[in-house]
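Colleague: Just passing along the structure, written as structure tokens.
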Amino acid sequence: MFKVVQERLDPAALTELAEAWDSPESFTLLPQPSPLSLDQLREILSKLPSQLQTDHFGLLTSGSTGAPKLVIGRKSRTAALVAEIDRRQDLAPAQSTVMALPLSYSYGFVNQWLWAHLNHRRLAVTAGLADAAKFFEALDREARSMLCLVGSQVPMLRNFLSKGRQFPNVIRLNFAGGPFPQADLVWLEETFPSARILHNFGCAEALPRLTIRAARDHDDPMVLGPPVKGAELSLTEAGMLAFRSPYGAVAIVESDVIRLIDASDWIETGDAAERTQDGSYRLLGRKSDVFKRFGEKVSLPTLEASLREVWPGALTFYIETPESAEPAHVLLLAPRPGKDALRRVLLHLRGHFRRALWPVRLEAAAEIPLSRNGKPDAEAVKGLSREVLWRQPL
């Protein structure tokens with residue numbers, strides 16, 4: 001039977017997690033707050049095949065439908081991925097890692113908690129930007145540290161920091177979990193002057209890493225780096241990115257359906273992509289973020305990456321589909337832009353994109369709420385008080 005370890009950040013809970021990893025018994029990390037109750041999770045775990053009851057672990061994430069999804073990995077495979085990440089990110093000089101993401105988020109769990117545990121490095125646990133002062137104290141205190149962030153945290157980070165503030169103790173800065181903040185790269189290099197900045201890509205089913213590259217290796221934030229050793233990428237006939245990896249999940253449980261994954265199975269990441277002339281893969285966005293409008297393909301991540309060249313604040317999109325009409329996207333900015341900033345955004349859209357790719361409205365809010373893993377919270381955005389700044393002329 002799987003042991004359940006509840007996510008907490010106190011020393012006793014972290015010791016319990018370490019003991020669960022080192023034990024032959026399988027375990028699942030239950031996030032707090034959790035989409036499932038403890039009883040619901042235990043019922044799911046009781047139905048898993050016997051071969052998963054030892055030397056495995058489970059993480060809860062959101063599936064494509066928004067319903068909870070349990071991703072199960074083999075401890076030995078994920079330990080091998082940590083060694084590959086350590087090699088590819090050249091983490092040998094790092095003495096510590098500062099956590100600003102939830103422990104149950106697979107990126108933070110593998111790239112930080114497990115890396116620190118297996119390599120006997122210091123783990124500095126913080127609430128991230130929810131308690132910016134203590135987060136910055138940890139960045140100042142921890143010598144030769146590694147930090148993992150997602151791109152949507154950068155606008156908030158910039159708002160908290162005074163001009164010229166630097167964190168020279170950070171020697172590795174990783175980004176994953178969304179579009180790489182290419183437009184902020186110069187500022188990031190100035191703020192983290194000792195850091196090698198890395199562009200990472202993966203998905204929960206990959207647990208979680210598929211590709212790694214240095215940020216300066218390409219100007220396009222949507223272009224992926226080389227796969228981790230042993231992993232393969234391909235495109236389906238529908239243009240979706242798929243992978244096979246010796247480190248990936250061995251089982252997925254979603255909507256009470258248990259799917260066992262064989263080493264030869266191709267798994268879709270949920271991202272649309274294309275091949276570039278040099279053979280690299282370029283992301284177009286999550287399946288839900290790529291759609292046709294007036295016969296043209298709209299990629300919301302591509303729009304977002306481009307708009308960050310002229311908008312330093314937070315931004316996100318949401319999609320609406322009027323009756324008997326094609327899907328349309330709305331651009332939401334935070335905080336409210338002044339007249340000059342709004343004009344720059346509109347001129348950028350008109351100068352870089354055809355009209356079919358423009359948002360139907362541009363709205364503003366005081367702030368864009370983020371989920372626990374640092375990404376815009378789509379459900380919370382729906383309930384925001386929003387001001388319409390501009391509508392696309394008919």
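Chains: A, B, ... in order of the structure tokens. Residues: from 1 per chain. Ligands: from 1, in order shown.
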List every residue of range 51-87 of chain A that has an atom at most 12 Å from any atom of range 212-215 of chain A, giving for each one its closest atom pair and the distance in Å to one decimal, counting only C-alpha atoms, sorted by chain and then by ascending residue number, as JSON lines.
Modeller:
{"residue": "A:Glu84", "atom": "CA", "partner": "A:Ile212", "partner_atom": "CA", "distance": 10.4}
{"residue": "A:Ile85", "atom": "CA", "partner": "A:Ile212", "partner_atom": "CA", "distance": 8.4}
{"residue": "A:Asp86", "atom": "CA", "partner": "A:Ile212", "partner_atom": "CA", "distance": 11.2}
{"residue": "A:Arg87", "atom": "CA", "partner": "A:Ile212", "partner_atom": "CA", "distance": 10.8}
Colleague: Atoms to include: C-alpha atoms. Write the selected residues as a tab-separated table (two decimals), in the first residue's frame.
Modeller:
chain	number	residue	atom	x	y	z
A	84	GLU	CA	21.33	13.79	-15.82
A	85	ILE	CA	19.95	17.20	-14.78
A	86	ASP	CA	22.96	17.66	-12.48
A	87	ARG	CA	25.28	16.93	-15.41
Colleague: Env of Gln89 in chain A: 12 Å cut, atoms = only C-alpha atoms, seq-sep filter 6 positions within chain, self excluded. Answer as an MDAnalysis selection string.
Modeller: chainID A and resid 81:83 111 115 146:148 171:175 195:200 209 211:215 228
Colleague: Could you write those residues out with N, CA and C atoms, as an mmCIF file, in the first residue's frame?
Modeller:
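Writing the result to again39.cif gives the following:
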data_model
loop_
_atom_site.group_PDB
_atom_site.id
_atom_site.type_symbol
_atom_site.label_atom_id
_atom_site.label_comp_id
_atom_site.auth_asym_id
_atom_site.auth_seq_id
_atom_site.Cartn_x
_atom_site.Cartn_y
_atom_site.Cartn_z
ATOM 1 N N LEU A 81 17.347 10.587 -13.609
ATOM 2 C CA LEU A 81 17.078 11.882 -14.235
ATOM 3 C C LEU A 81 17.739 13.008 -13.448
ATOM 4 N N VAL A 82 17.700 12.932 -12.126
ATOM 5 C CA VAL A 82 18.367 13.941 -11.306
ATOM 6 C C VAL A 82 19.856 13.988 -11.634
ATOM 7 N N ALA A 83 20.472 12.821 -11.819
ATOM 8 C CA ALA A 83 21.896 12.783 -12.189
ATOM 9 C C ALA A 83 22.120 13.416 -13.556
ATOM 10 N N ASN A 111 13.803 18.877 -9.456
ATOM 11 C CA ASN A 111 14.974 19.706 -9.746
ATOM 12 C C ASN A 111 15.576 20.323 -8.477
ATOM 13 N N TRP A 115 17.029 16.678 -5.895
ATOM 14 C CA TRP A 115 18.441 16.963 -6.197
ATOM 15 C C TRP A 115 19.207 17.213 -4.902
ATOM 16 N N MET A 146 21.225 27.361 -6.290
ATOM 17 C CA MET A 146 20.453 27.130 -7.507
ATOM 18 C C MET A 146 19.005 27.514 -7.229
ATOM 19 N N LEU A 147 18.389 28.227 -8.184
ATOM 20 C CA LEU A 147 17.020 28.711 -8.031
ATOM 21 C C LEU A 147 16.197 28.264 -9.224
ATOM 22 N N CYS A 148 14.954 27.826 -8.981
ATOM 23 C CA CYS A 148 14.030 27.435 -10.042
ATOM 24 C C CYS A 148 12.792 28.328 -9.992
ATOM 25 N N ILE A 171 24.043 30.898 -8.568
ATOM 26 C CA ILE A 171 24.938 30.563 -9.677
ATOM 27 C C ILE A 171 24.236 29.779 -10.788
ATOM 28 N N ARG A 172 23.026 29.275 -10.512
ATOM 29 C CA ARG A 172 22.216 28.615 -11.544
ATOM 30 C C ARG A 172 20.784 29.105 -11.394
ATOM 31 N N LEU A 173 20.198 29.576 -12.489
ATOM 32 C CA LEU A 173 18.824 30.052 -12.492
ATOM 33 C C LEU A 173 18.060 29.295 -13.565
ATOM 34 N N ASN A 174 17.108 28.477 -13.136
ATOM 35 C CA ASN A 174 16.337 27.629 -14.045
ATOM 36 C C ASN A 174 14.936 28.166 -14.260
ATOM 37 N N PHE A 175 14.459 28.069 -15.505
ATOM 38 C CA PHE A 175 13.070 28.386 -15.822
ATOM 39 C C PHE A 175 12.437 27.192 -16.512
ATOM 40 N N ALA A 195 24.874 33.997 -12.273
ATOM 41 C CA ALA A 195 24.085 32.816 -12.628
ATOM 42 C C ALA A 195 24.215 32.431 -14.091
ATOM 43 N N ARG A 196 24.273 31.133 -14.324
ATOM 44 C CA ARG A 196 24.050 30.572 -15.648
ATOM 45 C C ARG A 196 22.546 30.328 -15.750
ATOM 46 N N ILE A 197 21.915 30.965 -16.743
ATOM 47 C CA ILE A 197 20.460 30.910 -16.862
ATOM 48 C C ILE A 197 20.076 29.835 -17.876
ATOM 49 N N LEU A 198 19.139 28.969 -17.484
ATOM 50 C CA LEU A 198 18.814 27.785 -18.275
ATOM 51 C C LEU A 198 17.331 27.720 -18.619
ATOM 52 N N HIS A 199 17.081 27.319 -19.855
ATOM 53 C CA HIS A 199 15.731 27.137 -20.406
ATOM 54 C C HIS A 199 15.436 25.643 -20.368
ATOM 55 N N ASN A 200 14.425 25.255 -19.582
ATOM 56 C CA ASN A 200 14.062 23.849 -19.413
ATOM 57 C C ASN A 200 12.655 23.610 -19.947
ATOM 58 N N ARG A 209 11.516 16.480 -16.802
ATOM 59 C CA ARG A 209 12.426 17.136 -17.745
ATOM 60 C C ARG A 209 12.550 16.385 -19.047
ATOM 61 N N THR A 211 13.977 18.590 -22.114
ATOM 62 C CA THR A 211 15.059 19.302 -22.806
ATOM 63 C C THR A 211 15.672 20.355 -21.888
ATOM 64 N N ILE A 212 16.921 20.697 -22.167
ATOM 65 C CA ILE A 212 17.650 21.725 -21.419
ATOM 66 C C ILE A 212 18.544 22.472 -22.404
ATOM 67 N N ARG A 213 18.563 23.792 -22.299
ATOM 68 C CA ARG A 213 19.529 24.577 -23.072
ATOM 69 C C ARG A 213 19.872 25.853 -22.321
ATOM 70 N N ALA A 214 21.037 26.397 -22.617
ATOM 71 C CA ALA A 214 21.405 27.698 -22.069
ATOM 72 C C ALA A 214 20.500 28.765 -22.679
ATOM 73 N N ALA A 215 20.107 29.745 -21.888
ATOM 74 C CA ALA A 215 19.168 30.768 -22.349
ATOM 75 C C ALA A 215 19.686 31.514 -23.572
ATOM 76 N N VAL A 228 17.229 15.494 -22.949
ATOM 77 C CA VAL A 228 18.089 14.837 -21.967
ATOM 78 C C VAL A 228 18.477 13.467 -22.522
#
Colleague: Counting only C-alpha atoms, what is within 8 Å of range 245-257 of chain A, bar same-chain residues fewer than 4 positions away, as a VMD selection string?
Modeller: chain A and resid 44 63 67 to 74 77 to 78 80 to 81 205 to 208 210 230 to 232 261 to 263
Colleague: Can you write just those residues out, N, CA and C atoms, as a PDB file, in the first residue's frame?
Modeller:
ATOM      1  N   ILE A  44      -7.953   5.591  -4.459  1.00  0.00           N
ATOM      2  CA  ILE A  44      -7.280   5.446  -5.752  1.00  0.00           C
ATOM      3  C   ILE A  44      -6.041   4.568  -5.613  1.00  0.00           C
ATOM      4  N   GLY A  63      -5.012  17.384 -14.896  1.00  0.00           N
ATOM      5  CA  GLY A  63      -5.075  16.817 -16.239  1.00  0.00           C
ATOM      6  C   GLY A  63      -5.561  17.833 -17.248  1.00  0.00           C
ATOM      7  N   ALA A  67      -9.241  18.075 -14.165  1.00  0.00           N
ATOM      8  CA  ALA A  67      -9.462  17.101 -13.093  1.00  0.00           C
ATOM      9  C   ALA A  67      -8.116  16.629 -12.546  1.00  0.00           C
ATOM     10  N   PRO A  68      -8.081  16.207 -11.274  1.00  0.00           N
ATOM     11  CA  PRO A  68      -6.816  15.729 -10.701  1.00  0.00           C
ATOM     12  C   PRO A  68      -6.259  14.530 -11.478  1.00  0.00           C
ATOM     13  N   LYS A  69      -4.954  14.508 -11.605  1.00  0.00           N
ATOM     14  CA  LYS A  69      -4.267  13.414 -12.290  1.00  0.00           C
ATOM     15  C   LYS A  69      -3.107  12.969 -11.416  1.00  0.00           C
ATOM     16  N   LEU A  70      -3.009  11.676 -11.176  1.00  0.00           N
ATOM     17  CA  LEU A  70      -1.913  11.122 -10.391  1.00  0.00           C
ATOM     18  C   LEU A  70      -0.870  10.557 -11.340  1.00  0.00           C
ATOM     19  N   VAL A  71       0.342  11.088 -11.255  1.00  0.00           N
ATOM     20  CA  VAL A  71       1.453  10.652 -12.101  1.00  0.00           C
ATOM     21  C   VAL A  71       2.402   9.836 -11.231  1.00  0.00           C
ATOM     22  N   ILE A  72       2.701   8.620 -11.658  1.00  0.00           N
ATOM     23  CA  ILE A  72       3.501   7.702 -10.843  1.00  0.00           C
ATOM     24  C   ILE A  72       4.822   7.415 -11.541  1.00  0.00           C
ATOM     25  N   GLY A  73       5.897   7.586 -10.816  1.00  0.00           N
ATOM     26  CA  GLY A  73       7.222   7.317 -11.350  1.00  0.00           C
ATOM     27  C   GLY A  73       7.945   6.272 -10.531  1.00  0.00           C
ATOM     28  N   ARG A  74       8.994   5.700 -11.122  1.00  0.00           N
ATOM     29  CA  ARG A  74       9.847   4.750 -10.412  1.00  0.00           C
ATOM     30  C   ARG A  74      11.006   5.521  -9.800  1.00  0.00           C
ATOM     31  N   ARG A  77      14.385   5.497 -11.687  1.00  0.00           N
ATOM     32  CA  ARG A  77      14.387   6.241 -12.949  1.00  0.00           C
ATOM     33  C   ARG A  77      14.505   7.739 -12.692  1.00  0.00           C
ATOM     34  N   THR A  78      13.775   8.226 -11.692  1.00  0.00           N
ATOM     35  CA  THR A  78      13.821   9.653 -11.399  1.00  0.00           C
ATOM     36  C   THR A  78      15.157  10.042 -10.786  1.00  0.00           C
ATOM     37  N   ALA A  80      17.930   8.683 -11.655  1.00  0.00           N
ATOM     38  CA  ALA A  80      18.814   8.776 -12.834  1.00  0.00           C
ATOM     39  C   ALA A  80      18.594  10.092 -13.563  1.00  0.00           C
ATOM     40  N   LEU A  81      17.347  10.587 -13.609  1.00  0.00           N
ATOM     41  CA  LEU A  81      17.078  11.882 -14.235  1.00  0.00           C
ATOM     42  C   LEU A  81      17.739  13.008 -13.448  1.00  0.00           C
ATOM     43  N   GLU A 205       4.177  14.196 -17.022  1.00  0.00           N
ATOM     44  CA  GLU A 205       4.376  12.800 -17.407  1.00  0.00           C
ATOM     45  C   GLU A 205       5.845  12.458 -17.633  1.00  0.00           C
ATOM     46  N   ALA A 206       6.674  13.477 -17.907  1.00  0.00           N
ATOM     47  CA  ALA A 206       8.117  13.255 -18.085  1.00  0.00           C
ATOM     48  C   ALA A 206       8.853  13.267 -16.747  1.00  0.00           C
ATOM     49  N   LEU A 207       8.197  13.712 -15.703  1.00  0.00           N
ATOM     50  CA  LEU A 207       8.718  13.759 -14.317  1.00  0.00           C
ATOM     51  C   LEU A 207      10.077  14.435 -14.167  1.00  0.00           C
ATOM     52  N   PRO A 208      10.252  15.682 -14.538  1.00  0.00           N
ATOM     53  CA  PRO A 208       9.446  16.443 -15.478  1.00  0.00           C
ATOM     54  C   PRO A 208      10.278  16.928 -16.662  1.00  0.00           C
ATOM     55  N   LEU A 210      12.474  17.150 -20.166  1.00  0.00           N
ATOM     56  CA  LEU A 210      12.714  16.585 -21.488  1.00  0.00           C
ATOM     57  C   LEU A 210      13.864  17.262 -22.212  1.00  0.00           C
ATOM     58  N   GLY A 230      18.889   9.956 -23.693  1.00  0.00           N
ATOM     59  CA  GLY A 230      17.976   8.831 -23.778  1.00  0.00           C
ATOM     60  C   GLY A 230      16.557   9.183 -24.157  1.00  0.00           C
ATOM     61  N   ALA A 231      16.169  10.461 -24.032  1.00  0.00           N
ATOM     62  CA  ALA A 231      14.805  10.878 -24.373  1.00  0.00           C
ATOM     63  C   ALA A 231      14.692  11.158 -25.864  1.00  0.00           C
ATOM     64  N   GLU A 232      13.510  10.939 -26.421  1.00  0.00           N
ATOM     65  CA  GLU A 232      13.232  11.181 -27.833  1.00  0.00           C
ATOM     66  C   GLU A 232      11.993  12.057 -27.962  1.00  0.00           C
ATOM     67  N   ILE A 261       2.306   2.690 -18.535  1.00  0.00           N
ATOM     68  CA  ILE A 261       3.096   3.203 -19.654  1.00  0.00           C
ATOM     69  C   ILE A 261       4.296   2.305 -19.872  1.00  0.00           C
ATOM     70  N   ASP A 262       4.412   1.788 -21.076  1.00  0.00           N
ATOM     71  CA  ASP A 262       5.556   0.962 -21.457  1.00  0.00           C
ATOM     72  C   ASP A 262       6.675   1.859 -21.962  1.00  0.00           C
ATOM     73  N   ALA A 263       7.900   1.360 -21.878  1.00  0.00           N
ATOM     74  CA  ALA A 263       9.054   2.149 -22.312  1.00  0.00           C
ATOM     75  C   ALA A 263       8.983   2.525 -23.787  1.00  0.00           C
TER      76      ALA A 263
END
Colleague: Please report, as a PyMOL selection string, each residue of range 136-341 of chain A to which DSSP assigns helix (DSSP H, G or I) when run on this structure's backbone.
Modeller: chain A and resi 136-141+151-160+182-191+204-206+215-217+287-289+300-307+339-341
Colleague: Can you pull out the residues contacting range 370-384 of chain A? Cut-off 7 Å, using only C-alpha atoms, and skip same-chain residues under 4 positions away; I want them as a list in words.
Modeller: Leu101, Pro102, Tyr105, Val150, Ser152, Gln153 and Thr316 of chain A
Colleague: Please, which residues of range 97-209 of chain A, numbered as in this document, come out strand (DSSP E or B) from DSSP, as number ranges by chain?
Modeller: A: 97-99, 122-125, 145-149, 170-175, 196-202, 209
Colleague: Those residues you just picked out, can you put them in a file as an mmCIF file, in the first residue's frame with N, CA and C atoms?
Modeller:
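Produced file result_16.cif, reproduced below:
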data_model
loop_
_atom_site.group_PDB
_atom_site.id
_atom_site.type_symbol
_atom_site.label_atom_id
_atom_site.label_comp_id
_atom_site.auth_asym_id
_atom_site.auth_seq_id
_atom_site.Cartn_x
_atom_site.Cartn_y
_atom_site.Cartn_z
ATOM 1 N N THR A 97 20.044 24.982 -2.688
ATOM 2 C CA THR A 97 18.975 25.397 -3.597
ATOM 3 C C THR A 97 17.894 26.087 -2.782
ATOM 4 N N VAL A 98 17.364 27.179 -3.313
ATOM 5 C CA VAL A 98 16.332 27.968 -2.645
ATOM 6 C C VAL A 98 15.006 27.688 -3.332
ATOM 7 N N MET A 99 14.037 27.168 -2.584
ATOM 8 C CA MET A 99 12.748 26.810 -3.162
ATOM 9 C C MET A 99 11.783 27.986 -3.096
ATOM 10 N N ARG A 122 22.206 21.675 0.712
ATOM 11 C CA ARG A 122 21.261 22.398 1.567
ATOM 12 C C ARG A 122 20.004 22.755 0.780
ATOM 13 N N LEU A 123 18.858 22.644 1.453
ATOM 14 C CA LEU A 123 17.569 23.028 0.878
ATOM 15 C C LEU A 123 17.009 24.159 1.719
ATOM 16 N N ALA A 124 16.865 25.335 1.112
ATOM 17 C CA ALA A 124 16.274 26.481 1.799
ATOM 18 C C ALA A 124 14.836 26.622 1.320
ATOM 19 N N VAL A 125 13.895 26.317 2.200
ATOM 20 C CA VAL A 125 12.480 26.347 1.842
ATOM 21 C C VAL A 125 11.910 27.719 2.169
ATOM 22 N N SER A 145 24.068 29.095 -4.780
ATOM 23 C CA SER A 145 22.775 28.430 -4.790
ATOM 24 C C SER A 145 22.212 28.259 -6.193
ATOM 25 N N MET A 146 21.225 27.361 -6.290
ATOM 26 C CA MET A 146 20.453 27.130 -7.507
ATOM 27 C C MET A 146 19.005 27.514 -7.229
ATOM 28 N N LEU A 147 18.389 28.227 -8.184
ATOM 29 C CA LEU A 147 17.020 28.711 -8.031
ATOM 30 C C LEU A 147 16.197 28.264 -9.224
ATOM 31 N N CYS A 148 14.954 27.826 -8.981
ATOM 32 C CA CYS A 148 14.030 27.435 -10.042
ATOM 33 C C CYS A 148 12.792 28.328 -9.992
ATOM 34 N N LEU A 149 12.442 28.916 -11.136
ATOM 35 C CA LEU A 149 11.282 29.793 -11.246
ATOM 36 C C LEU A 149 10.484 29.439 -12.493
ATOM 37 N N VAL A 170 23.439 33.415 -6.320
ATOM 38 C CA VAL A 170 22.757 32.451 -7.190
ATOM 39 C C VAL A 170 23.649 32.169 -8.401
ATOM 40 N N ILE A 171 24.043 30.898 -8.568
ATOM 41 C CA ILE A 171 24.938 30.563 -9.677
ATOM 42 C C ILE A 171 24.236 29.779 -10.788
ATOM 43 N N ARG A 172 23.026 29.275 -10.512
ATOM 44 C CA ARG A 172 22.216 28.615 -11.544
ATOM 45 C C ARG A 172 20.784 29.105 -11.394
ATOM 46 N N LEU A 173 20.198 29.576 -12.489
ATOM 47 C CA LEU A 173 18.824 30.052 -12.492
ATOM 48 C C LEU A 173 18.060 29.295 -13.565
ATOM 49 N N ASN A 174 17.108 28.477 -13.136
ATOM 50 C CA ASN A 174 16.337 27.629 -14.045
ATOM 51 C C ASN A 174 14.936 28.166 -14.260
ATOM 52 N N PHE A 175 14.459 28.069 -15.505
ATOM 53 C CA PHE A 175 13.070 28.386 -15.822
ATOM 54 C C PHE A 175 12.437 27.192 -16.512
ATOM 55 N N ARG A 196 24.273 31.133 -14.324
ATOM 56 C CA ARG A 196 24.050 30.572 -15.648
ATOM 57 C C ARG A 196 22.546 30.328 -15.750
ATOM 58 N N ILE A 197 21.915 30.965 -16.743
ATOM 59 C CA ILE A 197 20.460 30.910 -16.862
ATOM 60 C C ILE A 197 20.076 29.835 -17.876
ATOM 61 N N LEU A 198 19.139 28.969 -17.484
ATOM 62 C CA LEU A 198 18.814 27.785 -18.275
ATOM 63 C C LEU A 198 17.331 27.720 -18.619
ATOM 64 N N HIS A 199 17.081 27.319 -19.855
ATOM 65 C CA HIS A 199 15.731 27.137 -20.406
ATOM 66 C C HIS A 199 15.436 25.643 -20.368
ATOM 67 N N ASN A 200 14.425 25.255 -19.582
ATOM 68 C CA ASN A 200 14.062 23.849 -19.413
ATOM 69 C C ASN A 200 12.655 23.610 -19.947
ATOM 70 N N PHE A 201 12.422 22.423 -20.461
ATOM 71 C CA PHE A 201 11.083 22.060 -20.917
ATOM 72 C C PHE A 201 10.783 20.635 -20.500
ATOM 73 N N GLY A 202 9.522 20.412 -20.163
ATOM 74 C CA GLY A 202 9.077 19.068 -19.836
ATOM 75 C C GLY A 202 7.594 19.075 -19.552
ATOM 76 N N ARG A 209 11.516 16.480 -16.802
ATOM 77 C CA ARG A 209 12.426 17.136 -17.745
ATOM 78 C C ARG A 209 12.550 16.385 -19.047
#
Colleague: Go ahead and compute the interatomic distance for CA of Ala92 in chain A and CA of His120 in chain A, in Å to one decimal.
Modeller: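 CA of His120 in chain A lies 11.4 Å from CA of Ala92 in chain A.
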Colleague: Would you compute the distance between CA of Asp140 in chain A and CA of Pro335 in chain A? Give it in Å to one decimal.
Modeller: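 These atoms are spaced 28.4 Å apart.
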Colleague: At a cut-off of 8 Å, using only C-alpha atoms, what residues contact Ala334 in chain A? Leave out same-chain residues fewer than 6 positions from it and give the result as a list in words.
Modeller: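 Final neighbour list, sorted by chain and number: Gly313, Ala314, Leu315, Ala364, Ala365, Ala366, Glu367 and Ile368 of chain A.
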Colleague: Can I get the selection written as a short mmCIF file (atom, residue, chain, number, x, y, z; two decimals), in the first residue's frame, with C-alpha atoms?
Modeller:
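Dumped to result-v3.cif:
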data_model
loop_
_atom_site.label_atom_id
_atom_site.label_comp_id
_atom_site.auth_asym_id
_atom_site.auth_seq_id
_atom_site.Cartn_x
_atom_site.Cartn_y
_atom_site.Cartn_z
CA GLY A 313 4.00 43.93 -16.18
CA ALA A 314 1.97 40.75 -15.85
CA LEU A 315 -0.21 39.47 -18.69
CA ALA A 364 -6.78 45.56 -17.30
CA ALA A 365 -6.87 44.38 -13.70
CA ALA A 366 -5.03 45.42 -10.55
CA GLU A 367 -3.14 42.12 -10.58
CA ILE A 368 -3.23 38.67 -12.15
#
Colleague: Which distance in Å separates CA of Arg158 in chain A and CA of Leu307 in chain A, to one decimal?
Modeller: 16.6 Å
Colleague: Pick out the closest residue to Met1 in chain A from this set: A:Thr28, A:Ser46, A:Thr302, A:Ser264. Count only C-alpha atoms.
Modeller: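 Among the listed residues, A:Ser46 lies closest to Met1 in chain A.
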Colleague: Tell me which of A:Pro93, A:Asp10, A:Pro181, A:Cys203 sits closest to Tyr107 in chain A, counting only C-alpha atoms.
Modeller: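 Looking at the shortest contact to Tyr107 in chain A, the residue is A:Cys203.
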Colleague: Give me the residues within 10 Å of range 323-333 of chain A as an MDAnalysis selection string, counting only C-alpha atoms and dropping any in the same chain fewer than 4 places off.
Modeller: chainID A and resid 289 291:295 298 300 303:304 311:319 337 342 356:368 381 386:391
